[in-house]
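Presented below is the structure to which this report refers.
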Amino acid sequence: MDTSIFHPEFKARPFWWEAIDMGGDDPPAELPAKADIVIVGGGLTGLNCAIELGRGGAHAVVLDAEPLGYGASTRNGGGVSGGNNVGKGLSGAKGRQSPEEMRDWLRAIMGDASEGLAHIEALVQREGINCHYERTGRFVGAWTPKHYDGMAAKIDALNEFADADASMLPRERQREEIASDYYYGGMVVNRTGKIHPALYHRGLMQAARRHGATLLGRTKAGALTRVGEGWRVETSRGPILAREVVIATNGYTGSLTPDLRRRLIPVASHIIATEEIDPELARSLIPKARTLADSRRILCYYRLSHDNRRVVFGGRARFTQVTPEVSAPILHEMMLARWPQLKGTRITHAWTGNVAFAFDYLPHMGVTPKGLHYAMACNGAGVAMLSYLGAELGKKLLGKSNRMPVFDGRDFPTRPLYTGHPWMLPMVGNWYRFRDWLDRRAA
């Protein structure tokens, strides 16, 4: 391992946490005896749900086994999708419906997915959340010419159904978006944004409290038992009674809800942040300050930090949890493959978090057979999608939804014998790497 890539002050924790005091800034609230709604999970889904419930006059109690926001909500790359991240899920209907039905289905899926961006923009403005939100757009680099053609084939649908304001950029113009010749051109999607995830989460916490929610970190939910028309929720600090229970655990869904766990594939996503670099060099790397991603199966996503002084570079260095000593050199090498001009730049932070994929690659919201409400399966687009679905679930519980999102009540598939332990991920990762290598070799 090349230890020279690590800064002397290297930290194995999210760079975003430099702006907050993770878990140490608030005294624990008292556990109330009862609530209208108990929400298990203090991330983006749970807090957006709590805010909507509070605005509607309902008292929500949010429980998290860790400090609130300890999971992917403050560990993600800070990209805010505008509905362009549901591509894999769209393939599931091919050949099953008439062209007219397929068109209606695309309009519903992509249209609802695009609502995530609008929701965050309205929420940030309404609640006065200072989280460096910007609608900067995204450039998605094509790993091969064939990938470029595949993107081009989706442009019309993205623009019609998700209002993506997307266009293709050929390779000869690629440096308008990235100071690299690594890709074969790519897609520009203007209707996307970026955010400081830890400050966004802290703003959600403050908003939820303003609207009357009780937030309880380091409070683990236990047995969930039906009592009459409601629920008794055991916690590490005692029991609480509630009319309804929401499960908002996404990539950290565990043994508390085994039926949901076996419908999710938790995948580790790893990220590094560099030391501060020369401002002129930083500006040159991404001339239009967009977020960047690519079309590889072993996905990479990257951007400049909110202060434009560092590169924040993420990807599937491994599909499972590994130490920074394993993931950071892999990501550093990926970064240099795109930007050789960053050679010698050291890493100050490296971290990981879980995202959750569904077997059909679509987000899901609904009610379990036992009566537990849920919203989960971000499929890598959790900042926008889970914020939106959390809020929609809050409206649903209040009985104030004009219509349900298309993701509500859909079949939530699993696989025979799968229990939620993704033992197959290392093999999947190796297969994807081989396929990426094969595609690039043939390009």
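Residues in the structure tokens are numbered from 1 in each chain, the chains being A, B, ... in the order shown, and ligands are numbered from 1 in the order shown.
Summary of the local environment: counting only C-alpha atoms, residues at most 7 Å from Glu52 (chain A), other than itself and those fewer than 4 positions away along its chain, are Asn48, Gly56, Ala391, Gly394 and Lys395 of chain A.
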Problem set entry | Neighbour list for Ile129 (chain A) as number ranges by chain, cut-off 9 Å, only C-alpha atoms, skip fewer than 3 positions in-chain | A: 123-126, 132-133, 199-200, 202-204, 206-207
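CA of Val38 (chain A) is found 9.0 Å from CA of Trp231 (chain A).
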For this session: Determine the nearest neighbour of Thr136 (chain A) from the options A:His373, A:Arg309, A:Arg441, A:Lys194, counting only C-alpha atoms.
Result: A:Lys194
Exercise. For Phe357 (chain A), which residue out of A:Arg232, A:Arg261, A:Arg103, A:Arg297 is the nearest one, using only C-alpha atoms?
Worked result: A:Arg261
For this session: Check the DSSP output for the backbone and give back, as a VMD selection string, the residues of region 217-443 of chain A in alpha helix (DSSP H).
Result: chain A and resid 258 to 261 279 to 285 324 to 338 382 to 398 425 to 442
For this session: Would you list the contacts of region 283-295 of chain A as a ChimeraX atom specification, taking every protein, DNA or RNA residue within 9 Å and counting only C-alpha atoms, but skipping same-chain residues closer than 4 positions in sequence?
Result: /A:78-79,135-144,147-148,151,175-180,183,186,190,192-194,278-279,299-304,308-309,339
Please identify all polymer residues within 8 Å of Arg318 (chain A), counting only C-alpha atoms, omitting same-chain residues fewer than 2 positions from it, and present them as a CSV table (one decimal) with N, CA, C and O atoms, in the first residue's frame.
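To be explicit, this is the file written out as out36.csv:
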chain,number,residue,atom,x,y,z
A,268,ALA,N,-22.0,-1.1,0.0
A,268,ALA,CA,-21.1,0.0,0.5
A,268,ALA,C,-20.6,0.9,-0.6
A,268,ALA,O,-20.3,0.5,-1.7
A,269,SER,N,-20.6,2.2,-0.3
A,269,SER,CA,-20.1,3.2,-1.2
A,269,SER,C,-19.0,3.9,-0.4
A,269,SER,O,-19.2,4.3,0.7
A,270,HIS,N,-17.8,4.0,-1.0
A,270,HIS,CA,-16.6,4.6,-0.4
A,270,HIS,C,-16.3,5.9,-1.0
A,270,HIS,O,-16.4,6.2,-2.2
A,316,ARG,N,-17.6,2.7,-6.0
A,316,ARG,CA,-17.6,1.3,-5.5
A,316,ARG,C,-16.2,0.7,-5.5
A,316,ARG,O,-16.0,-0.2,-6.3
A,320,THR,N,-18.6,-4.0,-0.4
A,320,THR,CA,-18.8,-4.3,1.0
A,320,THR,C,-17.9,-3.4,1.8
A,320,THR,O,-17.1,-2.6,1.3
A,321,GLN,N,-18.2,-3.4,3.1
A,321,GLN,CA,-17.4,-2.5,4.0
A,321,GLN,C,-16.0,-3.0,4.1
A,321,GLN,O,-15.7,-4.2,4.3
A,322,VAL,N,-15.1,-2.1,3.9
A,322,VAL,CA,-13.6,-2.4,4.0
A,322,VAL,C,-13.0,-1.2,4.7
A,322,VAL,O,-13.6,-0.1,4.8
A,327,SER,N,-9.8,0.9,0.7
A,327,SER,CA,-10.6,1.6,-0.2
A,327,SER,C,-9.9,2.9,-0.7
A,327,SER,O,-10.0,3.2,-1.9
A,426,PRO,N,-19.2,-9.7,-3.3
A,426,PRO,CA,-17.9,-9.7,-3.9
A,426,PRO,C,-17.8,-10.3,-5.3
A,426,PRO,O,-17.0,-9.8,-6.1
A,429,GLY,N,-19.2,-7.8,-7.7
A,429,GLY,CA,-18.2,-6.7,-8.0
A,429,GLY,C,-17.1,-7.2,-8.9
A,429,GLY,O,-16.7,-6.5,-9.9
For this session: Would you kindly return, as a VMD selection string, each protein, DNA or RNA residue with an atom no farther than 9 Å from any atom of Gly222 (chain A), considering only C-alpha atoms and excluding same-chain residues fewer than 5 positions away?
Result: chain A and resid 233 to 236 239 256
Exercise. Could you name the residues that touch Ile120 (chain A) at 8 Å or less, counting only C-alpha atoms, but leaving out those on the same chain fewer than 6 positions away, as a VMD selection string?
Worked result: chain A and resid 384 387 to 388
Those selected residues, please, written with all heavy atoms and delivered as an mmCIF file, in the first residue's frame.
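That gives us again-v9.cif:
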data_model
loop_
_atom_site.group_PDB
_atom_site.id
_atom_site.type_symbol
_atom_site.label_atom_id
_atom_site.label_comp_id
_atom_site.auth_asym_id
_atom_site.auth_seq_id
_atom_site.Cartn_x
_atom_site.Cartn_y
_atom_site.Cartn_z
ATOM 1 N N ALA A 384 -32.166 12.975 -2.931
ATOM 2 C CA ALA A 384 -33.416 13.491 -3.488
ATOM 3 C C ALA A 384 -34.579 12.538 -3.239
ATOM 4 O O ALA A 384 -35.642 12.941 -2.764
ATOM 5 C CB ALA A 384 -33.248 13.748 -4.982
ATOM 6 N N SER A 387 -35.626 11.897 0.543
ATOM 7 C CA SER A 387 -36.211 13.123 1.088
ATOM 8 C C SER A 387 -37.659 13.267 0.615
ATOM 9 O O SER A 387 -38.580 13.542 1.391
ATOM 10 C CB SER A 387 -35.401 14.348 0.650
ATOM 11 O OG SER A 387 -34.116 14.356 1.230
ATOM 12 N N TYR A 388 -37.860 13.053 -0.678
ATOM 13 C CA TYR A 388 -39.186 13.179 -1.274
ATOM 14 C C TYR A 388 -40.147 12.124 -0.745
ATOM 15 O O TYR A 388 -41.274 12.439 -0.318
ATOM 16 C CB TYR A 388 -39.051 13.079 -2.791
ATOM 17 C CG TYR A 388 -40.348 12.906 -3.540
ATOM 18 C CD1 TYR A 388 -41.327 13.897 -3.524
ATOM 19 C CD2 TYR A 388 -40.598 11.747 -4.282
ATOM 20 C CE1 TYR A 388 -42.512 13.742 -4.224
ATOM 21 C CE2 TYR A 388 -41.774 11.581 -4.988
ATOM 22 C CZ TYR A 388 -42.731 12.575 -4.950
ATOM 23 O OH TYR A 388 -43.908 12.416 -5.637
#
Problem set entry | Surrounding residues of Gly390 (chain A) excluding itself and chain neighbours under 5 positions, 7 Å, only C-alpha atoms, as a count of residues only | 5
For this session: Would you mind telling me which residue in A:Trp431, A:Gly23, A:Leu158, A:Asp149 lies nearest to Pro170 (chain A) when using only C-alpha atoms?
Result: A:Asp149
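If only C-alpha atoms are the atoms counted, then among A:Glu30, A:Asp36, A:Glu9, A:Asp163 the closest residue to Leu216 (chain A) is A:Glu30.
The space between CA of Leu117 (chain A) and CA of Phe161 (chain A) spans 14.0 Å.
Pairwise distance (CA of Pro28 (chain A), CA of Gly371 (chain A)) equals 29.1 Å.
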For this session: Within region 36-213 of chain A, find each residue whose DSSP state, derived from the backbone, is strand (DSSP E or B), and express the selection as number ranges by chain.
Result: A: 36-40, 60-63, 79-80, 134, 138-141, 166-169, 186-189, 193-194
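With only C-alpha atoms as the atoms that count, the residue of A:Ile265, A:Ala213, A:Ala381, A:Leu438 with the shortest distance to Phe359 (chain A) is A:Ile265.
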